$ cat upload.cif   # mmCIF, N, CA and C atoms and all ligand atoms
data_run
#
loop_
_atom_site.label_atom_id
_atom_site.label_comp_id
_atom_site.auth_asym_id
_atom_site.auth_seq_id
_atom_site.Cartn_x
_atom_site.Cartn_y
_atom_site.Cartn_z
N MET A 1 -40.88 -8.88 -84.09
CA MET A 1 -39.56 -8.26 -83.95
C MET A 1 -38.53 -9.02 -84.79
N ARG A 2 -37.71 -8.26 -85.46
CA ARG A 2 -36.71 -8.87 -86.32
C ARG A 2 -35.34 -8.80 -85.64
N PHE A 3 -34.71 -9.94 -85.43
CA PHE A 3 -33.37 -9.96 -84.81
C PHE A 3 -32.31 -9.72 -85.86
N THR A 4 -31.60 -8.68 -85.73
CA THR A 4 -30.47 -8.43 -86.62
C THR A 4 -29.21 -8.99 -85.96
N ARG A 5 -28.20 -9.10 -86.74
CA ARG A 5 -26.91 -9.57 -86.22
C ARG A 5 -26.42 -8.62 -85.12
N HIS A 6 -26.69 -7.37 -85.29
CA HIS A 6 -26.23 -6.36 -84.32
C HIS A 6 -26.90 -6.58 -82.96
N THR A 7 -28.19 -6.88 -82.96
CA THR A 7 -28.93 -7.10 -81.72
C THR A 7 -28.34 -8.26 -80.93
N ILE A 8 -28.04 -9.34 -81.63
CA ILE A 8 -27.50 -10.54 -80.98
C ILE A 8 -26.13 -10.27 -80.38
N VAL A 9 -25.27 -9.58 -81.10
CA VAL A 9 -23.93 -9.25 -80.59
C VAL A 9 -24.06 -8.39 -79.34
N ALA A 10 -24.95 -7.41 -79.34
CA ALA A 10 -25.14 -6.53 -78.19
C ALA A 10 -25.59 -7.33 -76.97
N ALA A 11 -26.48 -8.29 -77.16
CA ALA A 11 -26.97 -9.11 -76.05
C ALA A 11 -25.85 -9.95 -75.45
N ILE A 12 -24.99 -10.47 -76.28
CA ILE A 12 -23.87 -11.28 -75.79
C ILE A 12 -22.90 -10.41 -74.99
N VAL A 13 -22.63 -9.21 -75.47
CA VAL A 13 -21.71 -8.30 -74.77
C VAL A 13 -22.26 -7.96 -73.38
N VAL A 14 -23.54 -7.66 -73.28
CA VAL A 14 -24.16 -7.31 -71.99
C VAL A 14 -24.07 -8.50 -71.03
N ALA A 15 -24.35 -9.70 -71.50
CA ALA A 15 -24.28 -10.89 -70.66
C ALA A 15 -22.85 -11.11 -70.17
N GLY A 16 -21.89 -10.89 -71.07
CA GLY A 16 -20.48 -11.07 -70.72
C GLY A 16 -20.03 -10.10 -69.66
N MET A 17 -20.52 -8.88 -69.69
CA MET A 17 -20.13 -7.87 -68.71
C MET A 17 -20.76 -8.16 -67.35
N ALA A 18 -21.93 -8.75 -67.33
CA ALA A 18 -22.64 -8.98 -66.08
C ALA A 18 -22.03 -10.14 -65.29
N THR A 19 -21.45 -11.09 -65.98
CA THR A 19 -20.95 -12.31 -65.32
C THR A 19 -19.92 -12.07 -64.20
N PRO A 20 -18.86 -11.25 -64.42
CA PRO A 20 -17.84 -11.14 -63.37
C PRO A 20 -18.38 -10.66 -62.02
N SER A 21 -19.39 -9.79 -62.01
CA SER A 21 -19.89 -9.26 -60.74
C SER A 21 -20.54 -10.36 -59.90
N PHE A 22 -20.98 -11.44 -60.53
CA PHE A 22 -21.54 -12.56 -59.77
C PHE A 22 -20.43 -13.50 -59.30
N ALA A 23 -19.42 -13.67 -60.14
CA ALA A 23 -18.36 -14.63 -59.85
C ALA A 23 -17.35 -14.10 -58.84
N SER A 24 -17.16 -12.79 -58.80
CA SER A 24 -16.10 -12.20 -57.98
C SER A 24 -16.61 -11.77 -56.61
N THR A 25 -15.82 -12.10 -55.59
CA THR A 25 -16.12 -11.63 -54.24
C THR A 25 -15.59 -10.21 -54.10
N ILE A 26 -16.35 -9.36 -53.42
CA ILE A 26 -15.89 -7.99 -53.20
C ILE A 26 -15.58 -7.79 -51.72
N VAL A 27 -14.37 -7.36 -51.45
CA VAL A 27 -13.97 -7.02 -50.07
C VAL A 27 -13.79 -5.52 -50.01
N LYS A 28 -14.55 -4.88 -49.11
CA LYS A 28 -14.44 -3.42 -48.97
C LYS A 28 -13.40 -3.09 -47.90
N VAL A 29 -12.43 -2.28 -48.30
CA VAL A 29 -11.36 -1.89 -47.39
C VAL A 29 -11.45 -0.38 -47.16
N VAL A 30 -11.42 0.03 -45.89
CA VAL A 30 -11.41 1.45 -45.56
C VAL A 30 -10.15 1.75 -44.77
N GLU A 31 -9.44 2.77 -45.23
CA GLU A 31 -8.22 3.18 -44.54
C GLU A 31 -8.44 4.57 -43.97
N GLY A 32 -7.78 4.82 -42.82
CA GLY A 32 -7.96 6.14 -42.23
C GLY A 32 -6.87 6.47 -41.24
N GLY A 33 -6.82 7.70 -40.84
CA GLY A 33 -5.86 8.15 -39.84
C GLY A 33 -4.88 9.15 -40.42
N GLU A 34 -4.47 10.07 -39.54
CA GLU A 34 -3.58 11.15 -39.99
C GLU A 34 -2.20 10.98 -39.35
N GLY A 35 -1.21 11.61 -39.94
CA GLY A 35 0.17 11.52 -39.45
C GLY A 35 0.27 11.88 -37.98
N GLY A 36 1.00 11.04 -37.23
CA GLY A 36 1.20 11.30 -35.81
C GLY A 36 0.14 10.68 -34.92
N GLY A 37 -0.96 10.20 -35.49
CA GLY A 37 -2.03 9.61 -34.70
C GLY A 37 -2.26 8.16 -35.06
N PRO A 38 -3.26 7.54 -34.42
CA PRO A 38 -3.58 6.16 -34.78
C PRO A 38 -4.12 6.07 -36.20
N MET A 39 -3.85 4.95 -36.84
CA MET A 39 -4.33 4.75 -38.21
C MET A 39 -5.02 3.40 -38.29
N THR A 40 -5.91 3.27 -39.27
CA THR A 40 -6.71 2.05 -39.36
C THR A 40 -6.74 1.50 -40.78
N LEU A 41 -6.90 0.19 -40.85
CA LEU A 41 -7.15 -0.49 -42.12
C LEU A 41 -8.17 -1.57 -41.79
N THR A 42 -9.40 -1.39 -42.22
CA THR A 42 -10.46 -2.33 -41.85
C THR A 42 -11.08 -2.97 -43.09
N LEU A 43 -11.48 -4.24 -42.92
CA LEU A 43 -12.13 -4.99 -43.99
C LEU A 43 -13.58 -5.25 -43.57
N ASP A 44 -14.47 -5.33 -44.54
CA ASP A 44 -15.87 -5.60 -44.20
C ASP A 44 -16.13 -7.08 -43.94
N GLN A 45 -15.12 -7.93 -44.20
CA GLN A 45 -15.23 -9.35 -43.86
C GLN A 45 -13.82 -9.91 -43.67
N SER A 46 -13.66 -10.86 -42.77
CA SER A 46 -12.33 -11.37 -42.48
C SER A 46 -12.10 -12.76 -43.06
N THR A 47 -13.16 -13.37 -43.61
CA THR A 47 -13.05 -14.68 -44.25
C THR A 47 -13.82 -14.65 -45.56
N VAL A 48 -13.17 -15.11 -46.64
CA VAL A 48 -13.85 -15.21 -47.94
C VAL A 48 -13.53 -16.55 -48.57
N LYS A 49 -14.32 -16.92 -49.56
CA LYS A 49 -14.08 -18.14 -50.33
C LYS A 49 -12.99 -17.88 -51.36
N ALA A 50 -12.24 -18.91 -51.68
CA ALA A 50 -11.18 -18.81 -52.69
C ALA A 50 -11.77 -18.43 -54.04
N GLY A 51 -10.98 -17.74 -54.85
CA GLY A 51 -11.41 -17.37 -56.19
C GLY A 51 -11.12 -15.92 -56.49
N GLU A 52 -11.73 -15.45 -57.58
CA GLU A 52 -11.53 -14.06 -57.99
C GLU A 52 -12.07 -13.11 -56.92
N THR A 53 -11.23 -12.20 -56.50
CA THR A 53 -11.61 -11.27 -55.44
C THR A 53 -11.25 -9.85 -55.86
N THR A 54 -12.19 -8.94 -55.63
CA THR A 54 -11.93 -7.54 -55.92
C THR A 54 -11.90 -6.77 -54.60
N PHE A 55 -10.81 -6.09 -54.35
CA PHE A 55 -10.70 -5.25 -53.17
C PHE A 55 -11.02 -3.81 -53.60
N THR A 56 -12.03 -3.23 -52.98
CA THR A 56 -12.29 -1.82 -53.22
C THR A 56 -11.75 -1.07 -52.01
N VAL A 57 -10.85 -0.16 -52.27
CA VAL A 57 -10.12 0.52 -51.18
C VAL A 57 -10.48 1.99 -51.16
N HIS A 58 -10.92 2.46 -49.99
CA HIS A 58 -11.23 3.88 -49.83
C HIS A 58 -10.32 4.50 -48.78
N ASN A 59 -9.69 5.59 -49.13
CA ASN A 59 -8.88 6.33 -48.15
C ASN A 59 -9.76 7.40 -47.51
N ASP A 60 -10.10 7.17 -46.25
CA ASP A 60 -11.02 8.05 -45.53
C ASP A 60 -10.29 9.17 -44.78
N ALA A 61 -8.98 9.25 -44.96
CA ALA A 61 -8.19 10.26 -44.23
C ALA A 61 -8.45 11.66 -44.79
N MET A 62 -8.15 12.66 -43.95
CA MET A 62 -8.35 14.06 -44.35
C MET A 62 -7.14 14.59 -45.12
N THR A 63 -5.95 14.21 -44.68
CA THR A 63 -4.73 14.78 -45.27
C THR A 63 -3.68 13.75 -45.63
N GLU A 64 -3.87 12.51 -45.14
CA GLU A 64 -2.80 11.51 -45.26
C GLU A 64 -2.99 10.61 -46.47
N GLU A 65 -1.90 10.39 -47.21
CA GLU A 65 -1.92 9.43 -48.31
C GLU A 65 -1.73 8.03 -47.72
N HIS A 66 -2.45 7.05 -48.27
CA HIS A 66 -2.29 5.67 -47.82
C HIS A 66 -2.11 4.76 -49.03
N GLU A 67 -1.86 3.50 -48.75
CA GLU A 67 -1.76 2.48 -49.80
C GLU A 67 -2.26 1.18 -49.22
N MET A 68 -2.46 0.19 -50.07
CA MET A 68 -2.82 -1.13 -49.56
C MET A 68 -2.04 -2.18 -50.33
N VAL A 69 -1.29 -2.98 -49.60
CA VAL A 69 -0.51 -4.06 -50.19
C VAL A 69 -1.12 -5.38 -49.71
N LEU A 70 -1.38 -6.26 -50.67
CA LEU A 70 -1.93 -7.58 -50.35
C LEU A 70 -0.79 -8.60 -50.34
N VAL A 71 -0.64 -9.30 -49.23
CA VAL A 71 0.46 -10.25 -49.05
C VAL A 71 -0.10 -11.63 -48.76
N LYS A 72 0.45 -12.64 -49.42
CA LYS A 72 0.08 -14.03 -49.09
C LYS A 72 1.09 -14.56 -48.10
N LEU A 73 0.58 -15.01 -46.95
CA LEU A 73 1.46 -15.55 -45.91
C LEU A 73 1.65 -17.04 -46.10
N LYS A 74 2.78 -17.56 -45.57
CA LYS A 74 3.02 -19.00 -45.62
C LYS A 74 2.09 -19.71 -44.65
N SER A 75 1.80 -19.04 -43.55
CA SER A 75 0.87 -19.57 -42.56
C SER A 75 0.31 -18.39 -41.76
N ALA A 76 -0.79 -18.63 -41.04
CA ALA A 76 -1.44 -17.55 -40.30
C ALA A 76 -0.53 -16.97 -39.22
N ASP A 77 0.43 -17.79 -38.73
CA ASP A 77 1.31 -17.29 -37.66
C ASP A 77 2.71 -16.92 -38.15
N GLN A 78 2.85 -16.73 -39.46
CA GLN A 78 4.16 -16.32 -40.00
C GLN A 78 4.61 -15.01 -39.37
N LYS A 79 5.89 -14.96 -38.99
CA LYS A 79 6.45 -13.74 -38.41
C LYS A 79 6.62 -12.70 -39.52
N ILE A 80 6.15 -11.50 -39.27
CA ILE A 80 6.22 -10.45 -40.29
C ILE A 80 7.56 -9.72 -40.16
N PRO A 81 8.38 -9.72 -41.24
CA PRO A 81 9.68 -9.06 -41.15
C PRO A 81 9.55 -7.54 -41.14
N TYR A 82 10.02 -6.93 -40.09
CA TYR A 82 9.88 -5.48 -39.92
C TYR A 82 11.26 -4.85 -39.81
N ILE A 83 11.46 -3.75 -40.55
CA ILE A 83 12.75 -3.05 -40.48
C ILE A 83 12.56 -1.83 -39.58
N ASP A 84 13.07 -1.93 -38.36
CA ASP A 84 12.88 -0.86 -37.36
C ASP A 84 13.38 0.50 -37.87
N ALA A 85 14.57 0.48 -38.48
CA ALA A 85 15.18 1.74 -38.91
C ALA A 85 14.33 2.46 -39.97
N LYS A 86 13.63 1.68 -40.79
CA LYS A 86 12.81 2.28 -41.85
C LYS A 86 11.35 2.41 -41.45
N GLN A 87 10.99 1.81 -40.32
CA GLN A 87 9.59 1.78 -39.86
C GLN A 87 8.66 1.23 -40.93
N ARG A 88 9.15 0.19 -41.61
CA ARG A 88 8.36 -0.43 -42.67
C ARG A 88 8.53 -1.95 -42.62
N ILE A 89 7.54 -2.63 -43.20
CA ILE A 89 7.64 -4.06 -43.40
C ILE A 89 8.65 -4.32 -44.52
N ASP A 90 9.40 -5.40 -44.41
CA ASP A 90 10.34 -5.77 -45.48
C ASP A 90 9.57 -6.55 -46.56
N GLU A 91 9.02 -5.81 -47.52
CA GLU A 91 8.15 -6.43 -48.54
C GLU A 91 8.90 -7.45 -49.40
N LYS A 92 10.20 -7.27 -49.53
CA LYS A 92 10.98 -8.20 -50.36
C LYS A 92 10.97 -9.62 -49.80
N ARG A 93 10.74 -9.73 -48.50
CA ARG A 93 10.74 -11.05 -47.87
C ARG A 93 9.33 -11.62 -47.74
N LEU A 94 8.37 -10.96 -48.37
CA LEU A 94 6.99 -11.45 -48.35
C LEU A 94 6.51 -11.63 -49.78
N LYS A 95 5.44 -12.40 -49.96
CA LYS A 95 4.89 -12.63 -51.29
C LYS A 95 3.74 -11.66 -51.55
N SER A 96 4.05 -10.60 -52.31
CA SER A 96 3.02 -9.61 -52.63
C SER A 96 2.12 -10.11 -53.75
N MET A 97 0.82 -9.86 -53.59
CA MET A 97 -0.17 -10.24 -54.61
C MET A 97 -0.66 -9.00 -55.37
N GLY A 98 0.00 -7.88 -55.12
CA GLY A 98 -0.40 -6.65 -55.78
C GLY A 98 -0.72 -5.57 -54.77
N GLU A 99 -0.93 -4.37 -55.26
CA GLU A 99 -1.22 -3.27 -54.34
C GLU A 99 -1.99 -2.14 -55.01
N VAL A 100 -2.59 -1.33 -54.15
CA VAL A 100 -3.17 -0.05 -54.57
C VAL A 100 -2.23 0.98 -53.96
N SER A 101 -1.50 1.70 -54.79
CA SER A 101 -0.49 2.60 -54.25
C SER A 101 -0.92 4.06 -54.36
N GLU A 102 -0.29 4.89 -53.54
CA GLU A 102 -0.46 6.35 -53.57
C GLU A 102 -1.92 6.77 -53.65
N LEU A 103 -2.67 6.32 -52.67
CA LEU A 103 -4.09 6.66 -52.62
C LEU A 103 -4.24 7.99 -51.86
N LYS A 104 -4.64 9.01 -52.58
CA LYS A 104 -4.77 10.35 -52.00
C LYS A 104 -5.95 10.40 -51.02
N PRO A 105 -5.94 11.37 -50.09
CA PRO A 105 -7.07 11.51 -49.16
C PRO A 105 -8.40 11.59 -49.91
N GLY A 106 -9.35 10.77 -49.51
CA GLY A 106 -10.67 10.76 -50.14
C GLY A 106 -10.76 9.91 -51.40
N ALA A 107 -9.63 9.40 -51.86
CA ALA A 107 -9.62 8.66 -53.13
C ALA A 107 -9.98 7.18 -52.95
N ASP A 108 -10.37 6.57 -54.07
CA ASP A 108 -10.71 5.15 -54.11
C ASP A 108 -9.82 4.43 -55.11
N GLY A 109 -9.59 3.16 -54.85
CA GLY A 109 -8.83 2.33 -55.78
C GLY A 109 -9.32 0.91 -55.70
N THR A 110 -8.94 0.09 -56.69
CA THR A 110 -9.32 -1.31 -56.66
C THR A 110 -8.13 -2.20 -56.98
N LEU A 111 -8.17 -3.39 -56.44
CA LEU A 111 -7.17 -4.41 -56.73
C LEU A 111 -7.91 -5.72 -56.94
N LYS A 112 -7.62 -6.38 -58.06
CA LYS A 112 -8.21 -7.70 -58.32
C LYS A 112 -7.13 -8.75 -58.14
N ALA A 113 -7.50 -9.86 -57.51
CA ALA A 113 -6.54 -10.94 -57.31
C ALA A 113 -7.30 -12.26 -57.25
N LYS A 114 -6.64 -13.31 -57.73
CA LYS A 114 -7.22 -14.64 -57.63
C LYS A 114 -6.62 -15.29 -56.39
N LEU A 115 -7.44 -15.50 -55.38
CA LEU A 115 -6.95 -15.97 -54.09
C LEU A 115 -7.11 -17.47 -53.92
N ALA A 116 -6.01 -18.11 -53.55
CA ALA A 116 -6.03 -19.52 -53.18
C ALA A 116 -6.28 -19.59 -51.68
N PRO A 117 -6.77 -20.73 -51.18
CA PRO A 117 -7.00 -20.84 -49.74
C PRO A 117 -5.71 -20.57 -48.96
N GLY A 118 -5.85 -19.92 -47.82
CA GLY A 118 -4.68 -19.61 -47.00
C GLY A 118 -4.87 -18.34 -46.21
N ALA A 119 -3.75 -17.86 -45.65
CA ALA A 119 -3.77 -16.65 -44.83
C ALA A 119 -3.16 -15.49 -45.60
N TYR A 120 -3.80 -14.34 -45.51
CA TYR A 120 -3.34 -13.15 -46.21
C TYR A 120 -3.25 -11.99 -45.23
N LEU A 121 -2.39 -11.05 -45.59
CA LEU A 121 -2.21 -9.85 -44.77
C LEU A 121 -2.37 -8.64 -45.67
N LEU A 122 -3.11 -7.66 -45.19
CA LEU A 122 -3.25 -6.41 -45.93
C LEU A 122 -2.62 -5.32 -45.09
N ILE A 123 -1.72 -4.56 -45.70
CA ILE A 123 -1.01 -3.53 -44.96
C ILE A 123 -0.91 -2.24 -45.75
N CYS A 124 -0.69 -1.15 -45.01
CA CYS A 124 -0.22 0.10 -45.62
C CYS A 124 1.22 0.21 -45.17
N ASN A 125 2.14 0.23 -46.14
CA ASN A 125 3.56 0.17 -45.80
C ASN A 125 4.26 1.51 -46.00
N ILE A 126 3.49 2.58 -45.92
CA ILE A 126 4.11 3.91 -45.89
C ILE A 126 4.76 4.04 -44.51
N LYS A 127 5.91 4.69 -44.45
CA LYS A 127 6.71 4.77 -43.21
C LYS A 127 5.87 5.08 -41.97
N GLY A 128 5.94 4.14 -41.01
CA GLY A 128 5.26 4.33 -39.73
C GLY A 128 3.81 3.89 -39.69
N HIS A 129 3.20 3.66 -40.85
CA HIS A 129 1.75 3.38 -40.88
C HIS A 129 1.38 1.99 -40.38
N TYR A 130 2.25 1.01 -40.64
CA TYR A 130 1.98 -0.36 -40.14
C TYR A 130 1.93 -0.33 -38.62
N GLU A 131 2.94 0.30 -38.04
CA GLU A 131 3.04 0.41 -36.58
C GLU A 131 1.85 1.19 -36.00
N ALA A 132 1.35 2.17 -36.75
CA ALA A 132 0.24 3.00 -36.27
C ALA A 132 -1.10 2.27 -36.36
N GLY A 133 -1.07 1.05 -36.91
CA GLY A 133 -2.29 0.24 -36.90
C GLY A 133 -2.81 -0.23 -38.24
N MET A 134 -2.07 0.08 -39.32
CA MET A 134 -2.62 -0.22 -40.64
C MET A 134 -2.28 -1.63 -41.13
N HIS A 135 -2.95 -2.62 -40.53
CA HIS A 135 -2.81 -4.00 -40.99
C HIS A 135 -4.05 -4.78 -40.60
N ALA A 136 -4.38 -5.76 -41.44
CA ALA A 136 -5.54 -6.62 -41.18
C ALA A 136 -5.27 -7.96 -41.83
N THR A 137 -5.83 -9.01 -41.25
CA THR A 137 -5.63 -10.34 -41.84
C THR A 137 -6.92 -10.78 -42.54
N LEU A 138 -6.73 -11.59 -43.56
CA LEU A 138 -7.84 -12.14 -44.32
C LEU A 138 -7.61 -13.64 -44.46
N SER A 139 -8.63 -14.40 -44.13
CA SER A 139 -8.54 -15.85 -44.24
C SER A 139 -9.34 -16.31 -45.45
N VAL A 140 -8.73 -17.11 -46.32
CA VAL A 140 -9.40 -17.58 -47.54
C VAL A 140 -9.62 -19.09 -47.41
N THR A 141 -10.86 -19.49 -47.56
CA THR A 141 -11.22 -20.90 -47.38
C THR A 141 -11.62 -21.54 -48.72
N ASN A 142 -11.67 -22.85 -48.72
CA ASN A 142 -12.08 -23.60 -49.91
C ASN A 142 -13.54 -23.35 -50.24
CU CU B 1 -1.19 4.46 -44.51
#

$ encode --input "upload.cif" --output "structure tokens"
Amino acid sequence: MRFTRHTIVAAIVVAGMATPSFASTIVKVVEGGEGGGPMTLTLDQSTVKAGETTFTVHNDAMTEEHEMVLVKLKSADQKIPYIDAKQRIDEKRLKSMGEVSELKPGADGTLKAKLAPGAYLLICNIKGHYEAGMHATLSVTN
């Protein structure tokens, strides 16, 4: 077999693409619930190791749009600022690490973030959804 320059370049590209899937932790997030009823935001694991993390988010609702906001807390017992009149979390007073927004019913989205050790909160901050149950905590360890 004769190795051409093209063959070698192709092999390097394939190896480069395969690497992130080993290095990155994947957290599966499922959101669900319809307007007026209970709503959920669940993670397939509540503790992960620090580093590159990919959140795959699925909206399992039939009619309701959801979102997922990743927040880094100062501590696990930090008080979450809530605006009663707006029925939403005050995101300006929290440290957002990014979000998957406007996720239509049945749709999927992803968010990549490099997580340092600490406490994190995942929420859907569409009006009323946090109160209806759409929040989960994630602990990141060394
Ligand atoms: Cu929601």

$ residues_near_ligand --input "upload.cif" --ligand "ligand CU 1 (chain B)" --cutoff "7 Å" --atoms "only N, CA and C atoms and all ligand atoms" --output "ChimeraX atom specification"
/A:32,64-67,123-126,128-130,134

$ closest_residue --input "upload.cif" --among "A:Ala107, A:Leu73, A:Ile26, A:Leu43" --to "A:Ala61" --atoms "only C-alpha atoms"
A:Ala107

$ closest_residue --input "upload.cif" --among "A:Met39, A:Pro117, A:Thr47, A:Lys127" --to "A:Lys86" --atoms "only C-alpha atoms"
A:Lys127

$ atom_distance --input "upload.cif" --atom1 "atom C of A:Lys49" --atom2 "atom N of A:Glu31"
21.8 Å

$ select_by_dssp --input "upload.cif" --residues "chain A" --states "helix (DSSP H, G or I)" --output "tab-separated table (two decimals) with N, CA and C atoms, keeping the file's coordinate frame"
chain	number	residue	atom	x	y	z
A	5	ARG	N	-28.20	-9.10	-86.74
A	5	ARG	CA	-26.91	-9.57	-86.22
A	5	ARG	C	-26.42	-8.62	-85.12
A	6	HIS	N	-26.69	-7.37	-85.29
A	6	HIS	CA	-26.23	-6.36	-84.32
A	6	HIS	C	-26.90	-6.58	-82.96
A	7	THR	N	-28.19	-6.88	-82.96
A	7	THR	CA	-28.93	-7.10	-81.72
A	7	THR	C	-28.34	-8.26	-80.93
A	8	ILE	N	-28.04	-9.34	-81.63
A	8	ILE	CA	-27.50	-10.54	-80.98
A	8	ILE	C	-26.13	-10.27	-80.38
A	9	VAL	N	-25.27	-9.58	-81.10
A	9	VAL	CA	-23.93	-9.25	-80.59
A	9	VAL	C	-24.06	-8.39	-79.34
A	10	ALA	N	-24.95	-7.41	-79.34
A	10	ALA	CA	-25.14	-6.53	-78.19
A	10	ALA	C	-25.59	-7.33	-76.97
A	11	ALA	N	-26.48	-8.29	-77.16
A	11	ALA	CA	-26.97	-9.11	-76.05
A	11	ALA	C	-25.85	-9.95	-75.45
A	12	ILE	N	-24.99	-10.47	-76.28
A	12	ILE	CA	-23.87	-11.28	-75.79
A	12	ILE	C	-22.90	-10.41	-74.99
A	13	VAL	N	-22.63	-9.21	-75.47
A	13	VAL	CA	-21.71	-8.30	-74.77
A	13	VAL	C	-22.26	-7.96	-73.38
A	14	VAL	N	-23.54	-7.66	-73.28
A	14	VAL	CA	-24.16	-7.31	-71.99
A	14	VAL	C	-24.07	-8.50	-71.03
A	15	ALA	N	-24.35	-9.70	-71.50
A	15	ALA	CA	-24.28	-10.89	-70.66
A	15	ALA	C	-22.85	-11.11	-70.17
A	16	GLY	N	-21.89	-10.89	-71.07
A	16	GLY	CA	-20.48	-11.07	-70.72
A	16	GLY	C	-20.03	-10.10	-69.66
A	17	MET	N	-20.52	-8.88	-69.69
A	17	MET	CA	-20.13	-7.87	-68.71
A	17	MET	C	-20.76	-8.16	-67.35
A	18	ALA	N	-21.93	-8.75	-67.33
A	18	ALA	CA	-22.64	-8.98	-66.08
A	18	ALA	C	-22.03	-10.14	-65.29
A	19	THR	N	-21.45	-11.09	-65.98
A	19	THR	CA	-20.95	-12.31	-65.32
A	19	THR	C	-19.92	-12.07	-64.20
A	20	PRO	N	-18.86	-11.25	-64.42
A	20	PRO	CA	-17.84	-11.14	-63.37
A	20	PRO	C	-18.38	-10.66	-62.02
A	21	SER	N	-19.39	-9.79	-62.01
A	21	SER	CA	-19.89	-9.26	-60.74
A	21	SER	C	-20.54	-10.36	-59.90
A	22	PHE	N	-20.98	-11.44	-60.53
A	22	PHE	CA	-21.54	-12.56	-59.77
A	22	PHE	C	-20.43	-13.50	-59.30
A	23	ALA	N	-19.42	-13.67	-60.14
A	23	ALA	CA	-18.36	-14.63	-59.85
A	23	ALA	C	-17.35	-14.10	-58.84
A	91	GLU	N	9.02	-5.81	-47.52
A	91	GLU	CA	8.15	-6.43	-48.54
A	91	GLU	C	8.90	-7.45	-49.40
A	92	LYS	N	10.20	-7.27	-49.53
A	92	LYS	CA	10.98	-8.20	-50.36
A	92	LYS	C	10.97	-9.62	-49.80
A	93	ARG	N	10.74	-9.73	-48.50
A	93	ARG	CA	10.74	-11.05	-47.87
A	93	ARG	C	9.33	-11.62	-47.74

$ closest_residue --input "upload.cif" --among "A:Asp60, A:Arg88, A:Gly35, A:Tyr120" --to "A:Gly106" --atoms "all atoms listed in the file"
A:Asp60

$ residues_around --input "upload.cif" --residues "A:Lys79" --least-positions-apart "5" --cutoff "12 Å" --atoms "only C-alpha atoms" --output "list of chain:residue names"
A:Leu73, A:Lys74, A:Ile89, A:Asp90, A:Arg93, A:Leu94, A:Leu121

$ write_last_selection --input "upload.cif" --atoms "N, CA and C atoms" --output "JSON list (two decimals), in the coordinates of the input"
[["chain", "number", "residue", "atom", "x", "y", "z"],
["A", 73, "LEU", "N", 0.58, -15.01, -46.95],
["A", 73, "LEU", "CA", 1.46, -15.55, -45.91],
["A", 73, "LEU", "C", 1.65, -17.04, -46.10],
["A", 74, "LYS", "N", 2.78, -17.56, -45.57],
["A", 74, "LYS", "CA", 3.02, -19.00, -45.62],
["A", 74, "LYS", "C", 2.09, -19.71, -44.65],
["A", 89, "ILE", "N", 7.54, -2.63, -43.20],
["A", 89, "ILE", "CA", 7.64, -4.06, -43.40],
["A", 89, "ILE", "C", 8.65, -4.32, -44.52],
["A", 90, "ASP", "N", 9.40, -5.40, -44.41],
["A", 90, "ASP", "CA", 10.34, -5.77, -45.48],
["A", 90, "ASP", "C", 9.57, -6.55, -46.56],
["A", 93, "ARG", "N", 10.74, -9.73, -48.50],
["A", 93, "ARG", "CA", 10.74, -11.05, -47.87],
["A", 93, "ARG", "C", 9.33, -11.62, -47.74],
["A", 94, "LEU", "N", 8.37, -10.96, -48.37],
["A", 94, "LEU", "CA", 6.99, -11.45, -48.35],
["A", 94, "LEU", "C", 6.51, -11.63, -49.78],
["A", 121, "LEU", "N", -2.39, -11.05, -45.59],
["A", 121, "LEU", "CA", -2.21, -9.85, -44.77],
["A", 121, "LEU", "C", -2.37, -8.64, -45.67]]

$ select_by_dssp --input "upload.cif" --residues "chain A" --states "strand (DSSP E or B)" --output "PyMOL selection string"
chain A and resi 25-32+40-43+47-49+51-59+66-72+82-83+88-89+95-103+108-115+118-123+135-141

$ atom_distance --input "upload.cif" --atom1 "atom N of A:Asp77" --atom2 "atom CA of A:Thr40"
21.1 Å

$ closest_residue --input "upload.cif" --among "A:Val30, A:Ala113, A:Ala132, A:Met97" --to "A:Lys72" --atoms "all atoms listed in the file"
A:Met97

$ closest_residue --input "upload.cif" --among "A:Leu111, A:Ala136, A:Ala50, A:Met62" --to "A:Glu34" --atoms "only C-alpha atoms"
A:Met62

$ atom_distance --input "upload.cif" --atom1 "atom N of A:Lys114" --atom2 "atom C of A:Pro81"
23.9 Å
